[in-house]
Amino acid sequence: MADLVPFSRASRPPRPARPRPFEPEPLWRHMLGDQLRRRRHARDETLTETADNAGVSPQYLSEVERGLKEPSSEMIAAIAGALDTSLVELTSAVADDLRQATAAPASAAVSVTRGAFALAA
């Protein structure tokens with residue numbers, strides 16, 4: 001009969017890292033928060049000043065800017081108004097940021113695909 005060998009996790013070879021097929025897209029609320037923060041900073045306003053103008057608490061505005069809250073369209077409009085911008089301008093800027101953030105991985109995939117075709121040819 002065979003001898004039993006004690007099992008040790010340390011003696012097992014490490015598993016190869018699983019390749020991630022894609023990076024997740026950024027969340028809209030994170031991109032919105034970044035856009036709001038940039039606009040507030042461009043105006044040299046504090047959280048309290050902008051929050052007072054929007055009719056929200058500084059804590060709420062801070063959570064929106066950090067992407068922790070999913071604000072309603074009414075809240076987004078109020079904050080946009082406090083920053084002297086429109087809802088259309090703000091959402092368009094967020095959409096542009098999202099396009100830029102997601103464009104880099106797509107172009108990298110295209111270059112890899114083209115390289116694979118070149119190798120096959």
# chains A, B, ... in the order shown; residues from 1 in each chain; ligands from 1
>>> residues_around(residues="Ala54 of chain A", least_positions_apart="3", cutoff="10 Å", atoms="only C-alpha atoms", output="ChimeraX atom specification")
/A:48-51,57-58,61,75-83
>>> residues_around(residues="Arg66 of chain A", least_positions_apart="2", cutoff="10 Å", atoms="only C-alpha atoms", output="list in words")
Arg29, His30, Met31, Leu32, Gly33, Asp34, Leu36, Arg37, Tyr60, Leu61, Ser62, Glu63, Val64, Leu68 and Lys69 of chain A
>>> write_last_selection(atoms="N, CA and C atoms", output="PDB file, in the first residue's frame")
ATOM      1  N   ARG A  29     -22.235  57.514 -11.746  1.00  0.00           N
ATOM      2  CA  ARG A  29     -22.245  58.371 -10.557  1.00  0.00           C
ATOM      3  C   ARG A  29     -20.840  58.820 -10.181  1.00  0.00           C
ATOM      4  N   HIS A  30     -19.820  58.001 -10.464  1.00  0.00           N
ATOM      5  CA  HIS A  30     -18.440  58.413 -10.192  1.00  0.00           C
ATOM      6  C   HIS A  30     -18.008  59.511 -11.156  1.00  0.00           C
ATOM      7  N   MET A  31     -18.372  59.351 -12.414  1.00  0.00           N
ATOM      8  CA  MET A  31     -18.013  60.354 -13.416  1.00  0.00           C
ATOM      9  C   MET A  31     -18.758  61.664 -13.157  1.00  0.00           C
ATOM     10  N   LEU A  32     -20.015  61.569 -12.729  1.00  0.00           N
ATOM     11  CA  LEU A  32     -20.779  62.766 -12.373  1.00  0.00           C
ATOM     12  C   LEU A  32     -20.103  63.484 -11.213  1.00  0.00           C
ATOM     13  N   GLY A  33     -19.737  62.744 -10.186  1.00  0.00           N
ATOM     14  CA  GLY A  33     -19.078  63.346  -9.024  1.00  0.00           C
ATOM     15  C   GLY A  33     -17.781  64.042  -9.394  1.00  0.00           C
ATOM     16  N   ASP A  34     -16.983  63.405 -10.257  1.00  0.00           N
ATOM     17  CA  ASP A  34     -15.735  64.028 -10.706  1.00  0.00           C
ATOM     18  C   ASP A  34     -16.012  65.336 -11.451  1.00  0.00           C
ATOM     19  N   LEU A  36     -18.683  67.292 -11.177  1.00  0.00           N
ATOM     20  CA  LEU A  36     -19.165  68.310 -10.237  1.00  0.00           C
ATOM     21  C   LEU A  36     -18.014  68.899  -9.436  1.00  0.00           C
ATOM     22  N   ARG A  37     -17.115  68.053  -8.963  1.00  0.00           N
ATOM     23  CA  ARG A  37     -15.983  68.527  -8.174  1.00  0.00           C
ATOM     24  C   ARG A  37     -15.092  69.456  -9.013  1.00  0.00           C
ATOM     25  N   TYR A  60     -24.077  65.729   1.926  1.00  0.00           N
ATOM     26  CA  TYR A  60     -24.705  65.092   0.768  1.00  0.00           C
ATOM     27  C   TYR A  60     -23.908  65.410  -0.494  1.00  0.00           C
ATOM     28  N   LEU A  61     -23.554  66.675  -0.677  1.00  0.00           N
ATOM     29  CA  LEU A  61     -22.781  67.066  -1.857  1.00  0.00           C
ATOM     30  C   LEU A  61     -21.441  66.333  -1.887  1.00  0.00           C
ATOM     31  N   SER A  62     -20.809  66.197  -0.731  1.00  0.00           N
ATOM     32  CA  SER A  62     -19.547  65.467  -0.658  1.00  0.00           C
ATOM     33  C   SER A  62     -19.721  64.014  -1.105  1.00  0.00           C
ATOM     34  N   GLU A  63     -20.793  63.381  -0.659  1.00  0.00           N
ATOM     35  CA  GLU A  63     -21.049  61.985  -1.041  1.00  0.00           C
ATOM     36  C   GLU A  63     -21.359  61.865  -2.534  1.00  0.00           C
ATOM     37  N   VAL A  64     -22.039  62.853  -3.091  1.00  0.00           N
ATOM     38  CA  VAL A  64     -22.313  62.846  -4.533  1.00  0.00           C
ATOM     39  C   VAL A  64     -20.999  62.993  -5.293  1.00  0.00           C
ATOM     40  N   LEU A  68     -20.642  58.217  -3.983  1.00  0.00           N
ATOM     41  CA  LEU A  68     -21.266  57.328  -3.007  1.00  0.00           C
ATOM     42  C   LEU A  68     -22.790  57.383  -3.043  1.00  0.00           C
ATOM     43  N   LYS A  69     -23.323  58.468  -3.573  1.00  0.00           N
ATOM     44  CA  LYS A  69     -24.780  58.633  -3.678  1.00  0.00           C
ATOM     45  C   LYS A  69     -25.187  58.622  -5.141  1.00  0.00           C
TER      46      LYS A  69
END
>>> residues_around(residues="segment 93-102 of chain A", least_positions_apart="3", cutoff="9 Å", atoms="only C-alpha atoms", output="list of chain:residue names")
A:Glu25, A:Pro26, A:Leu27, A:Trp28, A:Met31, A:Leu32, A:Asp34, A:Gln35, A:Val88, A:Glu89, A:Leu90, A:Pro105, A:Ala106
>>> atom_distance(atom1="atom CA of Asn53 of chain A", atom2="atom CA of Asp84 of chain A")
10.2 Å
>>> decode(residues="segment 23-57 of chain A", atoms="N, CA, C and O atoms", output="CSV table (one decimal), in the first residue's frame")
chain,number,residue,atom,x,y,z
A,23,GLU,N,-11.8,45.4,-18.3
A,23,GLU,CA,-12.0,46.2,-17.1
A,23,GLU,C,-13.4,46.7,-17.1
A,23,GLU,O,-14.0,47.1,-18.1
A,24,PRO,N,-14.0,46.7,-15.9
A,24,PRO,CA,-15.4,47.2,-15.9
A,24,PRO,C,-15.5,48.7,-16.2
A,24,PRO,O,-14.5,49.5,-16.0
A,25,GLU,N,-16.5,49.1,-16.9
A,25,GLU,CA,-16.7,50.5,-17.2
A,25,GLU,C,-16.9,51.3,-15.9
A,25,GLU,O,-17.4,50.8,-14.9
A,26,PRO,N,-16.4,52.6,-15.9
A,26,PRO,CA,-16.7,53.4,-14.7
A,26,PRO,C,-18.1,53.7,-14.5
A,26,PRO,O,-18.9,53.7,-15.5
A,27,LEU,N,-18.5,53.8,-13.3
A,27,LEU,CA,-19.9,54.1,-13.0
A,27,LEU,C,-20.3,55.6,-13.3
A,27,LEU,O,-19.5,56.5,-13.1
A,28,TRP,N,-21.5,55.8,-13.8
A,28,TRP,CA,-21.9,57.1,-14.1
A,28,TRP,C,-21.9,58.0,-12.9
A,28,TRP,O,-21.5,59.2,-13.0
A,29,ARG,N,-22.2,57.5,-11.7
A,29,ARG,CA,-22.2,58.4,-10.6
A,29,ARG,C,-20.8,58.8,-10.2
A,29,ARG,O,-20.6,59.9,-9.7
A,30,HIS,N,-19.8,58.0,-10.5
A,30,HIS,CA,-18.4,58.4,-10.2
A,30,HIS,C,-18.0,59.5,-11.2
A,30,HIS,O,-17.4,60.5,-10.8
A,31,MET,N,-18.4,59.4,-12.4
A,31,MET,CA,-18.0,60.4,-13.4
A,31,MET,C,-18.8,61.7,-13.2
A,31,MET,O,-18.2,62.7,-13.3
A,32,LEU,N,-20.0,61.6,-12.7
A,32,LEU,CA,-20.8,62.8,-12.4
A,32,LEU,C,-20.1,63.5,-11.2
A,32,LEU,O,-19.9,64.7,-11.3
A,33,GLY,N,-19.7,62.7,-10.2
A,33,GLY,CA,-19.1,63.3,-9.0
A,33,GLY,C,-17.8,64.0,-9.4
A,33,GLY,O,-17.5,65.1,-8.9
A,34,ASP,N,-17.0,63.4,-10.3
A,34,ASP,CA,-15.7,64.0,-10.7
A,34,ASP,C,-16.0,65.3,-11.5
A,34,ASP,O,-15.3,66.3,-11.2
A,35,GLN,N,-17.0,65.3,-12.3
A,35,GLN,CA,-17.4,66.5,-13.1
A,35,GLN,C,-17.9,67.6,-12.2
A,35,GLN,O,-17.5,68.8,-12.3
A,36,LEU,N,-18.7,67.3,-11.2
A,36,LEU,CA,-19.2,68.3,-10.2
A,36,LEU,C,-18.0,68.9,-9.4
A,36,LEU,O,-17.9,70.1,-9.2
A,37,ARG,N,-17.1,68.1,-9.0
A,37,ARG,CA,-16.0,68.5,-8.2
A,37,ARG,C,-15.1,69.5,-9.0
A,37,ARG,O,-14.7,70.5,-8.5
A,38,ARG,N,-14.8,69.1,-10.3
A,38,ARG,CA,-14.0,69.9,-11.1
A,38,ARG,C,-14.6,71.3,-11.3
A,38,ARG,O,-14.0,72.3,-11.3
A,39,ARG,N,-15.9,71.3,-11.6
A,39,ARG,CA,-16.6,72.5,-11.8
A,39,ARG,C,-16.6,73.4,-10.5
A,39,ARG,O,-16.5,74.6,-10.6
A,40,ARG,N,-16.8,72.8,-9.4
A,40,ARG,CA,-16.8,73.5,-8.1
A,40,ARG,C,-15.4,74.1,-7.9
A,40,ARG,O,-15.3,75.3,-7.5
A,41,HIS,N,-14.4,73.3,-8.1
A,41,HIS,CA,-13.0,73.8,-7.9
A,41,HIS,C,-12.7,74.9,-8.9
A,41,HIS,O,-12.0,75.9,-8.5
A,42,ALA,N,-13.2,74.8,-10.1
A,42,ALA,CA,-12.9,75.9,-11.1
A,42,ALA,C,-13.5,77.2,-10.6
A,42,ALA,O,-13.0,78.3,-11.0
A,43,ARG,N,-14.6,77.1,-9.8
A,43,ARG,CA,-15.2,78.4,-9.3
A,43,ARG,C,-14.7,78.8,-8.0
A,43,ARG,O,-15.1,79.8,-7.4
A,44,ASP,N,-13.7,78.0,-7.5
A,44,ASP,CA,-13.1,78.3,-6.2
A,44,ASP,C,-14.1,78.4,-5.1
A,44,ASP,O,-14.1,79.2,-4.2
A,45,GLU,N,-15.0,77.4,-5.1
A,45,GLU,CA,-16.1,77.4,-4.1
A,45,GLU,C,-15.8,76.2,-3.1
A,45,GLU,O,-15.3,75.2,-3.5
A,46,THR,N,-16.2,76.4,-1.9
A,46,THR,CA,-16.2,75.3,-0.9
A,46,THR,C,-17.4,74.4,-1.1
A,46,THR,O,-18.4,74.8,-1.7
A,47,LEU,N,-17.3,73.2,-0.5
A,47,LEU,CA,-18.5,72.4,-0.5
A,47,LEU,C,-19.7,73.1,0.1
A,47,LEU,O,-20.8,73.0,-0.4
A,48,THR,N,-19.5,73.8,1.2
A,48,THR,CA,-20.5,74.4,1.9
A,48,THR,C,-21.2,75.5,1.1
A,48,THR,O,-22.4,75.6,1.0
A,49,GLU,N,-20.4,76.3,0.4
A,49,GLU,CA,-20.9,77.4,-0.5
A,49,GLU,C,-21.8,76.8,-1.6
A,49,GLU,O,-23.0,77.2,-1.8
A,50,THR,N,-21.3,75.8,-2.3
A,50,THR,CA,-22.1,75.2,-3.4
A,50,THR,C,-23.3,74.5,-2.8
A,50,THR,O,-24.4,74.6,-3.4
A,51,ALA,N,-23.2,73.7,-1.7
A,51,ALA,CA,-24.3,73.0,-1.1
A,51,ALA,C,-25.4,74.0,-0.7
A,51,ALA,O,-26.6,73.7,-0.9
A,52,ASP,N,-25.0,75.1,-0.1
A,52,ASP,CA,-26.0,76.1,0.3
A,52,ASP,C,-26.8,76.7,-0.9
A,52,ASP,O,-28.0,76.8,-0.9
A,53,ASN,N,-26.0,76.9,-2.0
A,53,ASN,CA,-26.7,77.5,-3.2
A,53,ASN,C,-27.6,76.4,-3.8
A,53,ASN,O,-28.6,76.8,-4.5
A,54,ALA,N,-27.3,75.1,-3.7
A,54,ALA,CA,-28.1,74.1,-4.2
A,54,ALA,C,-29.2,73.6,-3.3
A,54,ALA,O,-30.1,72.9,-3.8
A,55,GLY,N,-29.2,74.0,-2.1
A,55,GLY,CA,-30.2,73.6,-1.1
A,55,GLY,C,-30.0,72.2,-0.6
A,55,GLY,O,-31.0,71.5,-0.3
A,56,VAL,N,-28.8,71.7,-0.6
A,56,VAL,CA,-28.5,70.4,0.0
A,56,VAL,C,-27.4,70.6,1.1
A,56,VAL,O,-26.8,71.6,1.2
A,57,SER,N,-27.2,69.5,1.8
A,57,SER,CA,-26.2,69.6,2.9
A,57,SER,C,-24.8,69.4,2.3
A,57,SER,O,-24.7,68.7,1.3
